[in-house]
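Asker: Just run-v2.txt, nothing more (compact mmCIF, N, CA and C atoms and all ligand atoms):
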```txt
# COMPACT_ATOMS: atom_id res chain seq x y z
N MET A 1 0.65 -10.49 -3.96
CA MET A 1 -0.70 -10.18 -3.49
C MET A 1 -1.39 -9.19 -4.42
N PHE A 2 -0.64 -8.19 -4.90
CA PHE A 2 -1.26 -7.25 -5.83
C PHE A 2 -0.82 -7.53 -7.25
N GLY A 3 -1.58 -8.37 -7.91
CA GLY A 3 -1.23 -8.78 -9.26
C GLY A 3 -1.63 -7.73 -10.26
N ASN A 4 -1.54 -8.10 -11.49
CA ASN A 4 -1.82 -7.20 -12.58
C ASN A 4 -3.26 -6.72 -12.57
N LYS A 5 -4.16 -7.60 -12.29
CA LYS A 5 -5.58 -7.26 -12.30
C LYS A 5 -5.84 -6.12 -11.33
N SER A 6 -5.23 -6.25 -10.16
CA SER A 6 -5.45 -5.23 -9.15
C SER A 6 -4.93 -3.87 -9.59
N THR A 7 -3.76 -3.86 -10.21
CA THR A 7 -3.18 -2.60 -10.66
C THR A 7 -4.07 -1.92 -11.69
N ILE A 8 -4.50 -2.69 -12.68
CA ILE A 8 -5.39 -2.12 -13.69
C ILE A 8 -6.69 -1.67 -13.05
N GLY A 9 -7.17 -2.48 -12.12
CA GLY A 9 -8.43 -2.15 -11.47
C GLY A 9 -8.35 -0.81 -10.77
N VAL A 10 -7.30 -0.59 -10.03
CA VAL A 10 -7.14 0.66 -9.30
C VAL A 10 -7.07 1.83 -10.26
N PHE A 11 -6.31 1.65 -11.32
CA PHE A 11 -6.14 2.71 -12.30
C PHE A 11 -7.47 3.09 -12.94
N THR A 12 -8.19 2.10 -13.44
CA THR A 12 -9.45 2.42 -14.11
C THR A 12 -10.48 2.92 -13.11
N VAL A 13 -10.44 2.37 -11.92
CA VAL A 13 -11.35 2.85 -10.89
C VAL A 13 -11.08 4.31 -10.61
N ALA A 14 -9.81 4.67 -10.49
CA ALA A 14 -9.47 6.06 -10.24
C ALA A 14 -9.98 6.94 -11.38
N ALA A 15 -9.78 6.49 -12.60
CA ALA A 15 -10.21 7.29 -13.74
C ALA A 15 -11.71 7.42 -13.81
N LEU A 16 -12.40 6.34 -13.51
CA LEU A 16 -13.85 6.35 -13.69
C LEU A 16 -14.62 6.82 -12.47
N PHE A 17 -14.05 6.63 -11.31
CA PHE A 17 -14.80 6.95 -10.12
C PHE A 17 -14.51 8.35 -9.63
N ALA A 18 -13.28 8.74 -9.71
CA ALA A 18 -12.85 9.88 -8.91
C ALA A 18 -13.75 11.09 -9.06
N THR A 19 -13.59 12.00 -9.99
CA THR A 19 -14.73 12.91 -10.07
C THR A 19 -15.37 12.90 -11.43
N SER A 20 -14.58 13.04 -12.45
CA SER A 20 -15.21 13.21 -13.74
C SER A 20 -14.19 13.27 -14.84
N GLY A 21 -14.60 13.80 -15.96
CA GLY A 21 -13.73 13.97 -17.10
C GLY A 21 -12.47 14.75 -16.78
N ALA A 22 -12.51 15.60 -15.80
CA ALA A 22 -11.33 16.40 -15.47
C ALA A 22 -10.15 15.50 -15.15
N ILE A 23 -10.41 14.43 -14.43
CA ILE A 23 -9.35 13.51 -14.08
C ILE A 23 -9.10 12.54 -15.23
N ALA A 24 -10.18 12.04 -15.83
CA ALA A 24 -10.01 11.08 -16.91
C ALA A 24 -9.31 11.73 -18.10
N GLY A 25 -9.60 12.99 -18.36
CA GLY A 25 -9.04 13.63 -19.53
C GLY A 25 -7.83 14.46 -19.21
N GLY A 26 -6.66 13.94 -19.46
CA GLY A 26 -5.48 14.77 -19.38
C GLY A 26 -4.63 14.57 -18.14
N GLN A 27 -5.15 13.97 -17.10
CA GLN A 27 -4.35 13.79 -15.90
C GLN A 27 -4.17 12.32 -15.55
N MET A 28 -4.18 11.51 -16.57
CA MET A 28 -4.10 10.07 -16.34
C MET A 28 -2.86 9.68 -15.53
N GLY A 29 -1.71 10.27 -15.90
CA GLY A 29 -0.48 9.91 -15.22
C GLY A 29 -0.55 10.24 -13.75
N GLN A 30 -1.08 11.41 -13.48
CA GLN A 30 -1.20 11.84 -12.09
C GLN A 30 -2.15 10.94 -11.32
N THR A 31 -3.26 10.60 -11.97
CA THR A 31 -4.23 9.74 -11.32
C THR A 31 -3.61 8.39 -10.98
N ARG A 32 -2.83 7.87 -11.92
CA ARG A 32 -2.19 6.58 -11.68
C ARG A 32 -1.25 6.68 -10.47
N ALA A 33 -0.48 7.77 -10.41
CA ALA A 33 0.46 7.93 -9.32
C ALA A 33 -0.26 8.05 -7.98
N GLN A 34 -1.46 8.61 -8.02
CA GLN A 34 -2.20 8.83 -6.78
C GLN A 34 -3.24 7.76 -6.53
N SER A 35 -3.05 6.57 -7.07
CA SER A 35 -4.12 5.59 -6.91
C SER A 35 -4.27 5.21 -5.46
N GLY A 36 -4.87 4.11 -5.18
CA GLY A 36 -5.22 3.86 -3.78
C GLY A 36 -6.47 4.68 -3.47
N MET A 37 -6.65 5.02 -2.22
CA MET A 37 -7.89 5.67 -1.82
C MET A 37 -7.83 7.19 -1.87
N LEU A 38 -6.65 7.75 -2.16
CA LEU A 38 -6.54 9.21 -2.11
C LEU A 38 -7.54 9.96 -2.98
N PRO A 39 -7.77 9.52 -4.23
CA PRO A 39 -8.75 10.27 -5.04
C PRO A 39 -10.13 10.31 -4.37
N TYR A 40 -10.45 9.25 -3.66
CA TYR A 40 -11.75 9.20 -2.99
C TYR A 40 -11.80 10.13 -1.78
N LEU A 41 -10.66 10.25 -1.12
CA LEU A 41 -10.65 11.03 0.11
C LEU A 41 -11.07 12.47 -0.19
N GLU A 42 -10.69 12.95 -1.37
CA GLU A 42 -11.05 14.32 -1.72
C GLU A 42 -12.53 14.48 -2.01
N VAL A 43 -13.13 13.45 -2.58
CA VAL A 43 -14.51 13.61 -3.05
C VAL A 43 -15.56 12.97 -2.16
N ALA A 44 -15.17 11.99 -1.36
CA ALA A 44 -16.18 11.24 -0.60
C ALA A 44 -16.25 11.65 0.87
N ASP A 45 -15.31 12.47 1.31
CA ASP A 45 -15.27 12.85 2.72
C ASP A 45 -16.28 13.97 3.00
N ALA A 46 -17.51 13.55 3.22
CA ALA A 46 -18.62 14.51 3.28
C ALA A 46 -18.45 15.52 4.41
N ASN A 47 -17.97 15.11 5.59
CA ASN A 47 -17.86 16.05 6.71
C ASN A 47 -16.46 16.65 6.86
N LYS A 48 -15.59 16.40 5.84
CA LYS A 48 -14.27 17.03 5.78
C LYS A 48 -13.42 16.85 7.04
N ASP A 49 -13.46 15.65 7.62
CA ASP A 49 -12.58 15.39 8.76
C ASP A 49 -11.35 14.60 8.34
N ASN A 50 -11.07 14.61 7.04
CA ASN A 50 -9.89 13.91 6.50
C ASN A 50 -9.90 12.41 6.71
N SER A 51 -11.09 11.85 6.85
CA SER A 51 -11.19 10.40 6.77
C SER A 51 -12.55 10.05 6.16
N ILE A 52 -12.62 8.89 5.55
CA ILE A 52 -13.90 8.46 4.97
C ILE A 52 -14.41 7.27 5.76
N THR A 53 -15.61 7.36 6.24
CA THR A 53 -16.23 6.21 6.88
C THR A 53 -16.83 5.32 5.80
N GLU A 54 -17.17 4.10 6.17
CA GLU A 54 -17.83 3.20 5.24
C GLU A 54 -19.13 3.81 4.72
N ALA A 55 -19.85 4.47 5.62
CA ALA A 55 -21.13 5.08 5.23
C ALA A 55 -20.93 6.20 4.21
N GLU A 56 -19.93 7.05 4.46
CA GLU A 56 -19.65 8.11 3.50
C GLU A 56 -19.27 7.53 2.14
N PHE A 57 -18.44 6.50 2.20
CA PHE A 57 -17.96 5.91 0.96
C PHE A 57 -19.12 5.29 0.18
N SER A 58 -19.98 4.61 0.87
CA SER A 58 -21.07 3.96 0.17
C SER A 58 -22.08 4.99 -0.36
N ARG A 59 -22.30 6.07 0.39
CA ARG A 59 -23.15 7.14 -0.14
C ARG A 59 -22.56 7.75 -1.41
N TYR A 60 -21.24 7.96 -1.36
CA TYR A 60 -20.57 8.53 -2.52
C TYR A 60 -20.70 7.61 -3.73
N LEU A 61 -20.46 6.31 -3.51
CA LEU A 61 -20.53 5.37 -4.63
C LEU A 61 -21.95 5.31 -5.20
N GLN A 62 -22.93 5.39 -4.34
CA GLN A 62 -24.31 5.38 -4.82
C GLN A 62 -24.59 6.59 -5.72
N SER A 63 -24.10 7.76 -5.31
CA SER A 63 -24.38 8.93 -6.13
C SER A 63 -23.60 8.88 -7.44
N ARG A 64 -22.38 8.34 -7.39
CA ARG A 64 -21.62 8.18 -8.63
C ARG A 64 -22.31 7.20 -9.57
N PHE A 65 -22.82 6.11 -9.00
CA PHE A 65 -23.50 5.12 -9.83
C PHE A 65 -24.70 5.75 -10.54
N LYS A 66 -25.44 6.55 -9.79
CA LYS A 66 -26.60 7.24 -10.40
C LYS A 66 -26.17 8.16 -11.52
N GLU A 67 -25.04 8.86 -11.32
CA GLU A 67 -24.55 9.74 -12.38
C GLU A 67 -24.14 8.96 -13.63
N LEU A 68 -23.50 7.81 -13.39
CA LEU A 68 -23.06 7.01 -14.54
C LEU A 68 -24.24 6.39 -15.28
N ASP A 69 -25.26 6.02 -14.53
CA ASP A 69 -26.43 5.37 -15.13
C ASP A 69 -27.34 6.42 -15.75
N THR A 70 -26.92 6.93 -16.90
CA THR A 70 -27.61 8.11 -17.45
C THR A 70 -29.05 7.82 -17.87
N ASN A 71 -29.35 6.58 -18.25
CA ASN A 71 -30.73 6.29 -18.62
C ASN A 71 -31.54 5.71 -17.45
N SER A 72 -30.94 5.71 -16.27
CA SER A 72 -31.64 5.32 -15.03
C SER A 72 -32.34 3.97 -15.12
N ASP A 73 -31.69 3.00 -15.75
CA ASP A 73 -32.31 1.67 -15.78
C ASP A 73 -31.70 0.76 -14.71
N GLY A 74 -30.92 1.33 -13.81
CA GLY A 74 -30.39 0.55 -12.69
C GLY A 74 -29.12 -0.21 -13.00
N SER A 75 -28.58 -0.04 -14.20
CA SER A 75 -27.29 -0.66 -14.49
C SER A 75 -26.51 0.27 -15.41
N VAL A 76 -25.20 0.07 -15.41
CA VAL A 76 -24.33 0.92 -16.21
C VAL A 76 -23.78 0.10 -17.37
N ALA A 77 -24.13 0.49 -18.57
CA ALA A 77 -23.69 -0.22 -19.77
C ALA A 77 -22.41 0.42 -20.29
N LYS A 78 -21.76 -0.27 -21.24
CA LYS A 78 -20.49 0.23 -21.75
C LYS A 78 -20.64 1.62 -22.36
N VAL A 79 -21.73 1.85 -23.04
CA VAL A 79 -21.92 3.15 -23.68
C VAL A 79 -22.00 4.26 -22.62
N GLU A 80 -22.55 3.94 -21.46
CA GLU A 80 -22.61 4.93 -20.38
C GLU A 80 -21.23 5.17 -19.77
N LEU A 81 -20.43 4.12 -19.68
CA LEU A 81 -19.04 4.28 -19.20
C LEU A 81 -18.23 5.11 -20.19
N LYS A 82 -18.43 4.85 -21.46
CA LYS A 82 -17.68 5.58 -22.47
C LYS A 82 -17.99 7.06 -22.43
N GLU A 83 -19.23 7.37 -22.21
CA GLU A 83 -19.65 8.76 -22.09
C GLU A 83 -18.88 9.45 -20.96
N GLU A 84 -18.66 8.72 -19.88
CA GLU A 84 -17.98 9.29 -18.72
C GLU A 84 -16.51 9.62 -18.99
N VAL A 85 -15.85 8.80 -19.77
CA VAL A 85 -14.41 9.01 -19.98
C VAL A 85 -14.08 9.57 -21.35
N LYS A 86 -15.08 9.95 -22.10
CA LYS A 86 -14.82 10.37 -23.47
C LYS A 86 -13.89 11.59 -23.51
N GLY A 87 -13.07 11.64 -24.54
CA GLY A 87 -12.11 12.73 -24.62
C GLY A 87 -10.76 12.36 -24.04
N ALA A 88 -10.73 11.35 -23.17
CA ALA A 88 -9.46 10.94 -22.58
C ALA A 88 -8.72 10.01 -23.54
N ASP A 89 -7.41 9.95 -23.37
CA ASP A 89 -6.63 9.00 -24.17
C ASP A 89 -7.12 7.59 -23.90
N GLY A 90 -7.36 6.84 -24.94
CA GLY A 90 -7.76 5.45 -24.79
C GLY A 90 -9.07 5.29 -24.04
N ALA A 91 -9.98 6.24 -24.22
CA ALA A 91 -11.25 6.21 -23.49
C ALA A 91 -12.02 4.91 -23.74
N ASP A 92 -12.02 4.51 -24.98
CA ASP A 92 -12.72 3.29 -25.36
C ASP A 92 -12.18 2.09 -24.60
N GLN A 93 -10.84 2.02 -24.58
CA GLN A 93 -10.17 0.92 -23.92
C GLN A 93 -10.41 0.97 -22.41
N THR A 94 -10.39 2.16 -21.85
CA THR A 94 -10.62 2.31 -20.43
C THR A 94 -12.01 1.79 -20.05
N ALA A 95 -12.99 2.19 -20.82
CA ALA A 95 -14.36 1.74 -20.56
C ALA A 95 -14.47 0.23 -20.70
N ALA A 96 -13.86 -0.31 -21.75
CA ALA A 96 -13.93 -1.75 -21.99
C ALA A 96 -13.23 -2.53 -20.88
N THR A 97 -12.06 -2.04 -20.46
CA THR A 97 -11.31 -2.73 -19.40
C THR A 97 -12.06 -2.67 -18.09
N PHE A 98 -12.59 -1.49 -17.80
CA PHE A 98 -13.34 -1.33 -16.55
C PHE A 98 -14.53 -2.28 -16.52
N LEU A 99 -15.23 -2.36 -17.63
CA LEU A 99 -16.38 -3.24 -17.70
C LEU A 99 -15.95 -4.70 -17.54
N ALA A 100 -14.89 -5.09 -18.28
CA ALA A 100 -14.45 -6.48 -18.24
C ALA A 100 -14.03 -6.89 -16.83
N LEU A 101 -13.40 -5.97 -16.10
CA LEU A 101 -12.91 -6.30 -14.77
C LEU A 101 -14.04 -6.41 -13.75
N ASN A 102 -15.09 -5.66 -13.96
CA ASN A 102 -16.11 -5.58 -12.92
C ASN A 102 -17.42 -6.29 -13.25
N ASP A 103 -17.60 -6.65 -14.51
CA ASP A 103 -18.84 -7.30 -14.92
C ASP A 103 -18.79 -8.79 -14.59
N LEU A 104 -19.13 -9.11 -13.36
CA LEU A 104 -18.91 -10.46 -12.85
C LEU A 104 -19.76 -11.50 -13.57
N ASN A 105 -20.98 -11.16 -13.94
CA ASN A 105 -21.82 -12.16 -14.60
C ASN A 105 -21.79 -12.03 -16.13
N ARG A 106 -20.89 -11.17 -16.64
CA ARG A 106 -20.66 -11.08 -18.09
C ARG A 106 -21.92 -10.79 -18.90
N ASP A 107 -22.75 -9.90 -18.40
CA ASP A 107 -23.91 -9.51 -19.21
C ASP A 107 -23.69 -8.13 -19.84
N ASN A 108 -22.44 -7.68 -19.81
CA ASN A 108 -22.06 -6.42 -20.46
C ASN A 108 -22.64 -5.16 -19.84
N LYS A 109 -23.08 -5.27 -18.61
CA LYS A 109 -23.44 -4.06 -17.88
C LYS A 109 -23.14 -4.28 -16.40
N LEU A 110 -23.03 -3.19 -15.68
CA LEU A 110 -22.70 -3.28 -14.26
C LEU A 110 -23.90 -2.96 -13.41
N THR A 111 -24.24 -3.88 -12.53
CA THR A 111 -25.23 -3.55 -11.51
C THR A 111 -24.51 -2.79 -10.40
N TYR A 112 -25.28 -2.24 -9.48
CA TYR A 112 -24.65 -1.53 -8.37
C TYR A 112 -23.72 -2.44 -7.59
N ASP A 113 -24.15 -3.67 -7.33
CA ASP A 113 -23.30 -4.61 -6.59
C ASP A 113 -21.98 -4.86 -7.30
N GLU A 114 -22.05 -5.01 -8.60
CA GLU A 114 -20.82 -5.23 -9.36
C GLU A 114 -19.94 -3.98 -9.33
N TYR A 115 -20.59 -2.84 -9.42
CA TYR A 115 -19.87 -1.57 -9.46
C TYR A 115 -19.11 -1.29 -8.17
N VAL A 116 -19.68 -1.62 -7.03
CA VAL A 116 -19.05 -1.26 -5.75
C VAL A 116 -18.08 -2.30 -5.22
N LYS A 117 -18.08 -3.49 -5.81
CA LYS A 117 -17.28 -4.56 -5.23
C LYS A 117 -15.79 -4.19 -5.15
N ASP A 118 -15.27 -3.67 -6.25
CA ASP A 118 -13.84 -3.33 -6.31
C ASP A 118 -13.46 -2.18 -5.36
N PRO A 119 -14.16 -1.05 -5.44
CA PRO A 119 -13.81 0.03 -4.49
C PRO A 119 -14.03 -0.37 -3.04
N MET A 120 -15.02 -1.19 -2.77
CA MET A 120 -15.23 -1.62 -1.39
C MET A 120 -14.09 -2.49 -0.89
N SER A 121 -13.52 -3.32 -1.77
CA SER A 121 -12.38 -4.11 -1.31
C SER A 121 -11.13 -3.23 -1.19
N GLU A 122 -11.01 -2.21 -2.04
CA GLU A 122 -9.95 -1.22 -1.85
C GLU A 122 -10.06 -0.55 -0.49
N PHE A 123 -11.27 -0.20 -0.14
CA PHE A 123 -11.53 0.45 1.14
C PHE A 123 -11.05 -0.45 2.28
N ALA A 124 -11.45 -1.72 2.23
CA ALA A 124 -11.07 -2.66 3.28
C ALA A 124 -9.56 -2.84 3.36
N LEU A 125 -8.92 -2.88 2.19
CA LEU A 125 -7.46 -3.03 2.16
C LEU A 125 -6.76 -1.81 2.75
N ALA A 126 -7.30 -0.64 2.43
CA ALA A 126 -6.66 0.59 2.88
C ALA A 126 -6.83 0.80 4.39
N ASP A 127 -7.92 0.30 4.93
CA ASP A 127 -8.21 0.49 6.35
C ASP A 127 -7.34 -0.44 7.19
N SER A 128 -6.08 -0.06 7.36
CA SER A 128 -5.16 -1.03 7.97
C SER A 128 -5.38 -1.19 9.47
N ASN A 129 -5.98 -0.23 10.15
CA ASN A 129 -6.24 -0.45 11.58
C ASN A 129 -7.65 -0.96 11.86
N GLY A 130 -8.42 -1.22 10.80
CA GLY A 130 -9.70 -1.89 10.96
C GLY A 130 -10.77 -1.12 11.71
N ASP A 131 -10.69 0.22 11.71
CA ASP A 131 -11.75 0.97 12.40
C ASP A 131 -12.87 1.40 11.45
N ARG A 132 -12.90 0.83 10.26
CA ARG A 132 -13.93 1.09 9.26
C ARG A 132 -13.94 2.55 8.80
N LYS A 133 -12.79 3.17 8.93
CA LYS A 133 -12.58 4.48 8.33
C LYS A 133 -11.25 4.45 7.62
N VAL A 134 -11.15 5.19 6.53
CA VAL A 134 -9.86 5.34 5.87
C VAL A 134 -9.40 6.78 6.09
N SER A 135 -8.30 6.89 6.83
CA SER A 135 -7.74 8.21 7.12
C SER A 135 -6.84 8.65 5.98
N MET A 136 -6.45 9.91 6.01
CA MET A 136 -5.51 10.44 5.02
C MET A 136 -4.25 9.59 4.98
N GLU A 137 -3.76 9.25 6.16
CA GLU A 137 -2.53 8.45 6.27
C GLU A 137 -2.73 7.07 5.61
N GLU A 138 -3.85 6.44 5.91
CA GLU A 138 -4.12 5.11 5.36
C GLU A 138 -4.35 5.16 3.85
N ALA A 139 -4.81 6.29 3.37
CA ALA A 139 -5.14 6.39 1.94
C ALA A 139 -3.92 6.50 1.05
N LYS A 140 -2.78 6.86 1.63
CA LYS A 140 -1.59 7.02 0.80
C LYS A 140 -1.19 5.71 0.17
N PRO A 141 -0.95 5.73 -1.16
CA PRO A 141 -0.75 4.48 -1.87
C PRO A 141 0.52 3.74 -1.48
N ASN A 142 1.51 4.40 -0.95
CA ASN A 142 2.79 3.73 -0.71
C ASN A 142 2.97 3.22 0.71
N LYS A 143 1.90 3.24 1.48
CA LYS A 143 2.04 2.82 2.86
C LYS A 143 2.26 1.32 3.00
N ARG A 144 1.86 0.53 1.97
CA ARG A 144 1.93 -0.91 2.12
C ARG A 144 3.35 -1.41 2.03
CA CA B 201 -28.01 2.53 -17.48
CA CA B 202 -23.14 -7.46 -14.97
CA CA B 203 -8.71 3.15 9.56
```
Could you take the file, read its structure, and then write that structure out as structure tokens?
Answerer:
Amino acid sequence: MFGNKSTIGVFTVAALFATSGAIAGGQMGQTRAQSGMLPYLEVADANKDNSITEAEFSRYLQSRFKELDTNSDGSVAKVELKEEVKGADGADQTAATFLALNDLNRDNKLTYDEYVKDPMSEFALADSNGDRKVSMEEAKPNKR
């Protein structure tokens, strides 16, 4: 069920989404170990109740997308992704892989819909009791 694509997707998503260069640069191994929804739980849980609702998650993704879209043209190009992960090991490759995995229509940039598709399916997978919230317990990567 979780093939190679999914593993790479989670890894690059963690590196690119979680907070910033702090995670992308220098803590790659740790980020990989903590994949799943845990990186999001720290940053997207707006009311700090140790769970993320769909609404919180989507608000968080919207603000991240705006940050990534540095020229505010409504899409995130490879150069904008590279800017986000620069300084990290294999930054170029990370940006290229992330783009390749998420750029569904292959126009070399990510629209908001393309950008959120992967994390939103992660969210749905992690929400094992189907209450449209991901709790701390559900976010742990090894629960499956
Ligand atoms: Ca842009
Ligand atoms: Ca695209
Ligand atoms: Ca849940």
Asker: What are the closest atom pairs, with distances in Å to one decimal, for all residues of chain A lying within 6.5 Å of ligand CA 202 (chain B)? Consider only N, CA and C atoms and all ligand atoms, order rows by chain and residue number, and present the result as a tab-separated table.
Answerer:
```
residue	atom	partner	partner_atom	distance
A:Asn102	C	B:CA202	CA	6.1
A:Asp103	CA	B:CA202	CA	4.3
A:Leu104	N	B:CA202	CA	4.6
A:Asn105	N	B:CA202	CA	4.4
A:Arg106	N	B:CA202	CA	4.6
A:Asp107	N	B:CA202	CA	4.2
A:Asn108	N	B:CA202	CA	4.9
A:Lys109	C	B:CA202	CA	3.5
A:Leu110	CA	B:CA202	CA	4.3
A:Thr111	N	B:CA202	CA	4.5
A:Glu114	CA	B:CA202	CA	6.5
```
Asker: List all protein, DNA and RNA residues that have at least one atom no more than 6.5 Å from any atom of ligand CA 203 (chain B), counting all atoms listed in the file, and write them as a short mmCIF file (atom, residue, chain, number, x, y, z; two decimals) with N, CA and C atoms, in the coordinates of the input.
Answerer:
```
data_model
loop_
_atom_site.label_atom_id
_atom_site.label_comp_id
_atom_site.auth_asym_id
_atom_site.auth_seq_id
_atom_site.Cartn_x
_atom_site.Cartn_y
_atom_site.Cartn_z
N ALA A 126 -7.30 -0.64 2.43
CA ALA A 126 -6.66 0.59 2.88
C ALA A 126 -6.83 0.80 4.39
N ASP A 127 -7.92 0.30 4.93
CA ASP A 127 -8.21 0.49 6.35
C ASP A 127 -7.34 -0.44 7.19
N SER A 128 -6.08 -0.06 7.36
CA SER A 128 -5.16 -1.03 7.97
C SER A 128 -5.38 -1.19 9.47
N ASN A 129 -5.98 -0.23 10.15
CA ASN A 129 -6.24 -0.45 11.58
C ASN A 129 -7.65 -0.96 11.86
N GLY A 130 -8.42 -1.22 10.80
CA GLY A 130 -9.70 -1.89 10.96
C GLY A 130 -10.77 -1.12 11.71
N ASP A 131 -10.69 0.22 11.71
CA ASP A 131 -11.75 0.97 12.40
C ASP A 131 -12.87 1.40 11.45
N ARG A 132 -12.90 0.83 10.26
CA ARG A 132 -13.93 1.09 9.26
C ARG A 132 -13.94 2.55 8.80
N LYS A 133 -12.79 3.17 8.93
CA LYS A 133 -12.58 4.48 8.33
C LYS A 133 -11.25 4.45 7.62
N VAL A 134 -11.15 5.19 6.53
CA VAL A 134 -9.86 5.34 5.87
C VAL A 134 -9.40 6.78 6.09
N SER A 135 -8.30 6.89 6.83
CA SER A 135 -7.74 8.21 7.12
C SER A 135 -6.84 8.65 5.98
#
```
Asker: Which of these residues is nearest to Glu137 (chain A), using only N, CA and C atoms: A:Phe123, A:Asp89, A:Ser51, A:Asp45?
Answerer: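 Checking each of A:Phe123, A:Asp89, A:Ser51, A:Asp45 against Glu137 (chain A), counting only N, CA and C atoms, the winner is A:Ser51.
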Asker: Neighbouring residues of ligand CA 201 (chain B) are defined here as those with any atom at most 6 Å from a ligand atom, counting only N, CA and C atoms and all ligand atoms; list them as a PyMOL selection string.
Answerer: chain A and resi 68-77
Asker: Quick check, in Å to one decimal: how far apart do atom C of Glu138 (chain A) and CA of Leu38 (chain A) lie?
Answerer: 7.5 Å
Asker: For atom N of Gln62 (chain A) and atom N of Pro119 (chain A), quote the distance in Å rounded to one decimal.
Answerer: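 Separation between atom N of Gln62 (chain A) and atom N of Pro119 (chain A): 10.9 Å.
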Asker: Just checking: using only C-alpha atoms, which residue out of A:Gly90, A:Val116, A:Leu99, A:Glu122 ends up closest to Arg64 (chain A)?
Answerer: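 So, comparing all the options, the nearest one is A:Val116.
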Asker: For CA of Phe57 (chain A) and atom N of Ala44 (chain A), determine how far apart the two atoms are, in Å to one decimal place.
Answerer: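 Going from CA of Phe57 (chain A) over to atom N of Ala44 (chain A), I get 7.1 Å.
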Asker: Between A:Pro141, A:Ala124, A:Pro39, A:Val79, single out the one closest to Thr53 (chain A), counting only C-alpha atoms.
Answerer: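 Of all the options, A:Ala124 lies closest to Thr53 (chain A).
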Asker: Any chance you could work out the axis-aligned box around region 91-105 of chain A, listed atoms only, 6 Å on each side, giving centre and edge lengths in Å to one decimal, as JSON?
Answerer:
```
{"center_x": -15.9, "center_y": -3.0, "center_z": -19.1, "size_x": 23.8, "size_y": 30.4, "size_z": 24.5}
```
